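What follows is a set of notes on a single structure, which appears directly below.
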Amino acid sequence: MASTQNIGSKRLVVGAHYGWKDFLAQRMTAVILVVYTVVLLAGLLAMPAFTYENWKALFSFTVIGLPLGQILATLAFMSLAWHAWIGVRDIWMDYVKPAGIRLLLQVLTILWLVGSVVYFAQILWRL
């Protein structure tokens, strides 16, 4: 009875091999979210009064005719969705062993995140 040794260069490597790309994507989306949060907090602190008009202006300001407030908010929300997808997908892959259930959970997560982004865009770009 021969034993198989899975060490060194002959070890059995399994998985989706997302590793480095997902690590980098999570860090990049986290930096975008931190920067946007700081900008949003600065805008809130500079707000003369907390009214609906000022709140709306925080997300709908323009620079040279470009709706920069809406673009930045959309970028931040899409970063949040991507960040969440990477994290939740990794949770499903690590802790849900039956492939069918894992696939179902991943599809439901994608549908929920896409629906959230669409709903967010619909609200924000209606301002």
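Each chain in the structure tokens gets a letter, A, B, ..., in the order shown, and its residues are numbered from 1; ligands are numbered from 1 in order too.
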Residues near A:Ser79, cut-off 8 Å, only C-alpha atoms, skip fewer than 2 positions along chain, as an mmCIF file with C-alpha atoms, in the first residue's frame:
```
data_model
loop_
_atom_site.group_PDB
_atom_site.id
_atom_site.type_symbol
_atom_site.label_atom_id
_atom_site.label_comp_id
_atom_site.auth_asym_id
_atom_site.auth_seq_id
_atom_site.Cartn_x
_atom_site.Cartn_y
_atom_site.Cartn_z
ATOM 1 C CA THR A 29 -12.287 48.912 -2.843
ATOM 2 C CA ALA A 30 -11.577 49.485 0.852
ATOM 3 C CA ILE A 32 -12.089 53.905 -2.275
ATOM 4 C CA LEU A 33 -14.649 53.479 0.514
ATOM 5 C CA LEU A 75 -18.222 54.598 -7.653
ATOM 6 C CA ALA A 76 -18.298 54.192 -3.867
ATOM 7 C CA PHE A 77 -21.463 52.078 -3.923
ATOM 8 C CA ALA A 81 -20.917 45.855 -3.775
ATOM 9 C CA TRP A 82 -17.693 44.402 -5.213
ATOM 10 C CA HIS A 83 -16.078 44.377 -1.756
#
```
Helix (DSSP H, G or I) per DSSP on the backbone: members of chain A, as an MDAnalysis selection string: chainID A and resid 8:10 19:46 52:60 68:95 99:124
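For the set A:Ala42, A:Tyr36, A:Leu127, A:Lys21, the residue with the smallest atom-to-atom gap to A:Ala57 is A:Leu127, counting only C-alpha atoms.
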Neighbour list for stretch 69-71 of chain A as a PyMOL selection string, cut-off 10 Å, only C-alpha atoms, skip fewer than 6 positions in-chain: chain A and resi 40+56-63+77+121+124-125+127
Shell of 12 Å around A:Ile91, only C-alpha atoms, local chain residues under 5 positions omitted, as a ChimeraX atom specification: /A:84-86,96-97,102,105-106,109
Selected residue, from A:Trp20, A:Asp94, A:Gln122, A:Val88, that lies nearest to A:Ile110 when counting only C-alpha atoms: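 Ranked by minimum distance to A:Ile110, first place goes to A:Val88.
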